[in-house]
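As structure tokens, the structure follows; a few thoughts come after it.
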Amino acid sequence: MKGLELPTNFSSSATMQKLLSRPLSNPPKHSFSYFFSYSVSKTTYDPPFSPISKPPKPKPKPPDPTPNRNPTPMKSSLPFDFRHSYSEADPTLEPIGFREPKRFSPFGPGRLDREWTGTSAPVRDEVDSCLVEEERIQVLGDPLTEEEIEELVEKYRHSDCARQINLGKNGVTHNMLDDIHNHWKRAEAVRIKCLGVPTLDMDNVCFHLEEKSGGKIIYRHINILILYRGRNYDPQNRPVIPLMLWKPYAPIYPKLVKNVADGLTFEETKEMRNRGLHSPALMKLTRNGVYVNVVARVREAFETEEVIRLDCTHVGTSDCKRIGVKLRDLAPCVPILFKDEQIILWRGKRDQERNSDISDANEKSSGQNLLDRLLVDSVAWKSHYC
């Protein structure tokens, strides 16, 4: 082999194979590989499109060894009982049961200085209604002029108004009062859009909004309201409104529809229900619709019909019962059936009531005529014999 000197005593092929297989003591160093290994060892190699390293996660803070287990209860000067819904609940109707224990207050444990009774948190101190009305009048200040009302209405009545609160099937709720005062921090009025069951009685909605918030309704068109805060309203002195942390379960009330309607027999009640189911629907109600004209339509229909049907498809079973309760008090009428989202209403025995009223009036008038006749006869007898 050229460049390799063999020893003189080299004689066998085995010895030659060992010499060829022995590695070189000083192999040649390539310049590029040497520079590459040197640069990698000295600097950090960062090839293109390398994944970005994520920052280390912060360690969670250790819990406070002494938590405040007994927070100070919140006190509120509002002069009314706290309820989940003010416009859709009847305080005079006592429930027959509860779906959750009374000790579970929706305001949270120990967060309110009032006791939860299952339906409300009543006021502890006596309320002076005259003083409350004076304070409300003082906050409202002088009445608005027509020009001021037109300016506010034009500013807040449009659908793109940023100061808007949606009022749904729960009506005027407790937490809605806090939303109203939050809007009043930066605006003189707030736009309220009403939908669903509360629109059957808009007078009731307006009454509770004014009474509970202390404001004044300056605009009302179908289901749109504008609630004004008052000239002397001070956001820094707004009332303390403790929030409900969850919606309480509705209590259990007596059965709405009886098996046999009052004033009817079982067969007559069954016949009324069948007549209502097979009669044409007076109206078709939609879910979360505007029911402002429903009461007037029902009253008008009862002048000629004894039983009517309302088609409430896709409205929901709970909303159907809410509508039936409202119409029972507003029409008035007697709900006799809720089936397949259909409401059957009976106007009641109005003919008999009218006849009884007419007979009572006739008896009173005849009795008065008899007394007048006796009085005339007595005066004539005295003048004749005296």
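Residues are referred to by chain and number: the chain letter is A, B, ... according to the order shown in the structure tokens, the number counts from 1 in that chain, and ligands are numbered separately from 1 in the order shown.
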
task: Please identify all polymer residues within 10 Å of range 100-111 of chain A, counting only C-alpha atoms, omitting same-chain residues fewer than 2 positions from it, and present them as a PyMOL selection string.
output: chain A and resi 69-75+83-84+97-98+113-121+242-251

Original post:
Could you name the residues that touch His278 in chain A at 12 Å or less, counting only C-alpha atoms, but leaving out those on the same chain fewer than 5 positions away, as JSON, numbers by chain?
Top reply: {"A": [271, 272, 273, 307, 308, 309, 310, 311, 342, 344]}

Write out as a PDB file with all heavy atoms, in the first residue's frame each polymer residue whose atoms come within 7 Å of range 130-145 of chain A, counting only C-alpha atoms; drop sequence neighbours fewer than 6 positions from it.
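The result, stored in around25.pdb:
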ATOM      1  N   GLY A 214     -88.419  53.777  43.363  1.00  0.00           N
ATOM      2  CA  GLY A 214     -88.507  55.186  43.725  1.00  0.00           C
ATOM      3  C   GLY A 214     -88.531  56.123  42.543  1.00  0.00           C
ATOM      4  O   GLY A 214     -88.579  57.345  42.735  1.00  0.00           O
ATOM      5  N   ARG A 229     -85.308  58.733  36.993  1.00  0.00           N
ATOM      6  CA  ARG A 229     -84.744  58.596  38.334  1.00  0.00           C
ATOM      7  C   ARG A 229     -85.100  59.741  39.267  1.00  0.00           C
ATOM      8  O   ARG A 229     -85.114  59.578  40.483  1.00  0.00           O
ATOM      9  CB  ARG A 229     -83.227  58.489  38.255  1.00  0.00           C
ATOM     10  CG  ARG A 229     -82.537  59.751  37.789  1.00  0.00           C
ATOM     11  CD  ARG A 229     -81.036  59.567  37.706  1.00  0.00           C
ATOM     12  NE  ARG A 229     -80.348  60.811  37.358  1.00  0.00           N
ATOM     13  CZ  ARG A 229     -79.030  60.914  37.223  1.00  0.00           C
ATOM     14  NH1 ARG A 229     -78.264  59.847  37.408  1.00  0.00           N
ATOM     15  NH2 ARG A 229     -78.477  62.076  36.900  1.00  0.00           N
ATOM     16  N   GLY A 230     -85.364  60.944  38.733  1.00  0.00           N
ATOM     17  CA  GLY A 230     -85.672  62.102  39.572  1.00  0.00           C
ATOM     18  C   GLY A 230     -84.612  63.181  39.452  1.00  0.00           C
ATOM     19  O   GLY A 230     -83.440  62.918  39.132  1.00  0.00           O
ATOM     20  N   ARG A 231     -85.005  64.406  39.746  1.00  0.00           N
ATOM     21  CA  ARG A 231     -84.073  65.540  39.615  1.00  0.00           C
ATOM     22  C   ARG A 231     -82.991  65.500  40.689  1.00  0.00           C
ATOM     23  O   ARG A 231     -81.830  65.847  40.435  1.00  0.00           O
ATOM     24  CB  ARG A 231     -84.835  66.861  39.739  1.00  0.00           C
ATOM     25  CG  ARG A 231     -85.751  67.172  38.571  1.00  0.00           C
ATOM     26  CD  ARG A 231     -86.374  68.538  38.744  1.00  0.00           C
ATOM     27  NE  ARG A 231     -87.313  68.860  37.689  1.00  0.00           N
ATOM     28  CZ  ARG A 231     -86.988  69.434  36.524  1.00  0.00           C
ATOM     29  NH1 ARG A 231     -85.732  69.737  36.278  1.00  0.00           N
ATOM     30  NH2 ARG A 231     -87.918  69.685  35.621  1.00  0.00           N
ATOM     31  N   ASN A 232     -83.336  65.116  41.904  1.00  0.00           N
ATOM     32  CA  ASN A 232     -82.410  65.176  43.032  1.00  0.00           C
ATOM     33  C   ASN A 232     -81.800  63.820  43.360  1.00  0.00           C
ATOM     34  O   ASN A 232     -81.376  63.587  44.501  1.00  0.00           O
ATOM     35  CB  ASN A 232     -83.137  65.730  44.263  1.00  0.00           C
ATOM     36  CG  ASN A 232     -83.752  67.094  44.010  1.00  0.00           C
ATOM     37  OD1 ASN A 232     -83.183  67.915  43.272  1.00  0.00           O
ATOM     38  ND2 ASN A 232     -84.911  67.353  44.596  1.00  0.00           N
ATOM     39  N   TYR A 233     -81.757  62.928  42.392  1.00  0.00           N
ATOM     40  CA  TYR A 233     -81.187  61.597  42.650  1.00  0.00           C
ATOM     41  C   TYR A 233     -79.670  61.702  42.779  1.00  0.00           C
ATOM     42  O   TYR A 233     -79.001  62.312  41.944  1.00  0.00           O
ATOM     43  CB  TYR A 233     -81.550  60.645  41.512  1.00  0.00           C
ATOM     44  CG  TYR A 233     -80.982  59.257  41.673  1.00  0.00           C
ATOM     45  CD1 TYR A 233     -81.612  58.320  42.479  1.00  0.00           C
ATOM     46  CD2 TYR A 233     -79.811  58.890  41.005  1.00  0.00           C
ATOM     47  CE1 TYR A 233     -81.087  57.043  42.615  1.00  0.00           C
ATOM     48  CE2 TYR A 233     -79.296  57.615  41.131  1.00  0.00           C
ATOM     49  CZ  TYR A 233     -79.937  56.700  41.946  1.00  0.00           C
ATOM     50  OH  TYR A 233     -79.412  55.441  42.076  1.00  0.00           O
TER      51      TYR A 233
END

note - CA of Gly263 in chain A and CA of Pro332 in chain A are separated by 15.3 Å

Using only C-alpha atoms, the residue out of A:Ala189, A:Val172, A:Ala281, A:Cys194 with shortest distance to Glu211 in chain A is A:Val172

Item to complete: Would you list, as a PyMOL selection string, the residues of range 209-318 of chain A that end up in alpha helix (DSSP H) under DSSP run on this structure's backbone?
Response: chain A and resi 209-213+266-278+294-302+317-318

Same residues, N, CA, C and O atoms, output as a short mmCIF file (atom, residue, chain, number, x, y, z; two decimals), in the first residue's frame:
data_model
loop_
_atom_site.label_atom_id
_atom_site.label_comp_id
_atom_site.auth_asym_id
_atom_site.auth_seq_id
_atom_site.Cartn_x
_atom_site.Cartn_y
_atom_site.Cartn_z
N LEU A 209 -92.61 48.91 39.69
CA LEU A 209 -91.38 49.59 39.29
C LEU A 209 -91.24 50.93 40.01
O LEU A 209 -90.16 51.28 40.51
N GLU A 210 -92.32 51.69 40.07
CA GLU A 210 -92.26 52.99 40.74
C GLU A 210 -92.12 52.84 42.25
O GLU A 210 -91.38 53.59 42.88
N GLU A 211 -92.84 51.89 42.83
CA GLU A 211 -92.81 51.74 44.29
C GLU A 211 -91.48 51.21 44.78
O GLU A 211 -90.93 51.70 45.77
N LYS A 212 -90.92 50.21 44.11
CA LYS A 212 -89.70 49.56 44.60
C LYS A 212 -88.45 50.35 44.24
O LYS A 212 -87.47 50.33 45.00
N SER A 213 -88.41 51.03 43.11
CA SER A 213 -87.21 51.76 42.71
C SER A 213 -87.23 53.22 43.15
O SER A 213 -86.17 53.83 43.28
N PHE A 266 -120.34 17.41 38.09
CA PHE A 266 -119.25 16.74 37.39
C PHE A 266 -119.55 16.61 35.91
O PHE A 266 -118.68 16.83 35.05
N GLU A 267 -120.80 16.24 35.57
CA GLU A 267 -121.17 16.08 34.16
C GLU A 267 -121.13 17.42 33.43
O GLU A 267 -120.69 17.50 32.27
N GLU A 268 -121.60 18.48 34.08
CA GLU A 268 -121.57 19.80 33.44
C GLU A 268 -120.14 20.28 33.23
O GLU A 268 -119.82 20.87 32.18
N THR A 269 -119.27 20.02 34.19
CA THR A 269 -117.87 20.40 34.04
C THR A 269 -117.23 19.64 32.88
O THR A 269 -116.47 20.22 32.08
N LYS A 270 -117.52 18.36 32.78
CA LYS A 270 -116.98 17.56 31.68
C LYS A 270 -117.49 18.05 30.33
O LYS A 270 -116.72 18.13 29.35
N GLU A 271 -118.75 18.43 30.28
CA GLU A 271 -119.32 18.95 29.03
C GLU A 271 -118.68 20.28 28.65
O GLU A 271 -118.38 20.53 27.46
N MET A 272 -118.45 21.14 29.63
CA MET A 272 -117.81 22.43 29.35
C MET A 272 -116.39 22.23 28.80
O MET A 272 -115.97 22.93 27.87
N ARG A 273 -115.67 21.29 29.36
CA ARG A 273 -114.31 21.04 28.89
C ARG A 273 -114.31 20.52 27.45
O ARG A 273 -113.47 20.93 26.63
N ASN A 274 -115.21 19.63 27.13
CA ASN A 274 -115.29 19.11 25.77
C ASN A 274 -115.70 20.21 24.78
O ASN A 274 -115.16 20.28 23.66
N ARG A 275 -116.62 21.05 25.19
CA ARG A 275 -117.01 22.17 24.32
C ARG A 275 -115.85 23.09 24.06
O ARG A 275 -115.64 23.58 22.94
N GLY A 276 -115.07 23.37 25.10
CA GLY A 276 -113.92 24.26 24.93
C GLY A 276 -112.86 23.67 24.03
O GLY A 276 -112.26 24.38 23.20
N LEU A 277 -112.58 22.37 24.17
CA LEU A 277 -111.54 21.75 23.34
C LEU A 277 -111.92 21.72 21.87
O LEU A 277 -111.04 21.79 21.00
N HIS A 278 -113.21 21.61 21.57
CA HIS A 278 -113.66 21.52 20.17
C HIS A 278 -114.09 22.87 19.60
O HIS A 278 -114.52 22.94 18.44
N VAL A 294 -104.82 40.85 25.44
CA VAL A 294 -105.47 39.55 25.67
C VAL A 294 -106.66 39.70 26.61
O VAL A 294 -107.73 39.12 26.38
N VAL A 295 -106.51 40.45 27.68
CA VAL A 295 -107.59 40.59 28.67
C VAL A 295 -108.82 41.23 28.03
O VAL A 295 -109.96 40.78 28.24
N ALA A 296 -108.62 42.27 27.23
CA ALA A 296 -109.75 42.92 26.58
C ALA A 296 -110.44 41.98 25.59
O ALA A 296 -111.69 41.95 25.50
N ARG A 297 -109.66 41.18 24.87
CA ARG A 297 -110.26 40.23 23.93
C ARG A 297 -111.07 39.15 24.66
O ARG A 297 -112.14 38.74 24.20
N VAL A 298 -110.57 38.70 25.80
CA VAL A 298 -111.28 37.67 26.57
C VAL A 298 -112.59 38.24 27.13
O VAL A 298 -113.64 37.58 27.08
N ARG A 299 -112.54 39.44 27.66
CA ARG A 299 -113.78 40.06 28.18
C ARG A 299 -114.81 40.24 27.07
O ARG A 299 -116.00 40.02 27.28
N GLU A 300 -114.35 40.67 25.92
CA GLU A 300 -115.27 40.87 24.81
C GLU A 300 -115.87 39.54 24.34
O GLU A 300 -117.06 39.47 24.00
N ALA A 301 -115.07 38.48 24.34
CA ALA A 301 -115.58 37.18 23.90
C ALA A 301 -116.59 36.61 24.89
O ALA A 301 -117.55 35.93 24.48
N PHE A 302 -116.43 36.88 26.18
CA PHE A 302 -117.35 36.36 27.18
C PHE A 302 -118.73 37.02 27.12
O PHE A 302 -119.66 36.54 27.76
N THR A 317 -95.76 24.80 29.60
CA THR A 317 -96.78 24.47 30.60
C THR A 317 -96.81 25.48 31.73
O THR A 317 -97.88 25.91 32.18
N SER A 318 -95.63 25.87 32.23
CA SER A 318 -95.59 26.81 33.36
C SER A 318 -96.17 28.17 32.97
O SER A 318 -96.92 28.78 33.73
#

Open item on the list: For Arg186 in chain A, find every residue with an atom within 12 Å (counting only C-alpha atoms), except residues of its own chain fewer than 2 positions away, and show them as JSON, numbers by chain.
Closed with: {"A": [162, 163, 180, 181, 182, 183, 184, 188, 189, 190, 229, 233, 234, 235, 236]}

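Considering the residues A:Ile218, A:Asp160, A:Ser279, A:Asp90 and counting only C-alpha atoms, Glu146 in chain A has its shortest atom-to-atom contact with A:Ile218.
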
Pro254 in chain A proximity check over A:Arg328, A:Pro58, A:Ser76, A:Glu94, using only C-alpha atoms: winner is A:Glu94

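Across the model, the gap from CA of Ile192 in chain A to CA of Leu225 in chain A is 5.1 Å.
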
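Distance-wise, CA of Cys333 in chain A and CA of Lys349 in chain A end up 9.7 Å apart.
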
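Closest approach to Tyr228 in chain A among A:Val153, A:Val127, A:Ile336, A:Leu330: A:Val153, based on only C-alpha atoms.
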
Using only C-alpha atoms, the shortest atom-to-atom distance to Lys326 in chain A among A:Ser159, A:Ile252, A:Ser87, A:Asn166 belongs to A:Ser87

* Check the DSSP output for the backbone and give back, as a PyMOL selection string, the residues of range 36-180 of chain A in strand (DSSP E). => chain A and resi 164-167

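In this comparison, which uses only C-alpha atoms, the residue of A:Arg287, A:Lys193, A:Lys185, A:Arg347 approaching His158 in chain A most closely is A:Lys193.
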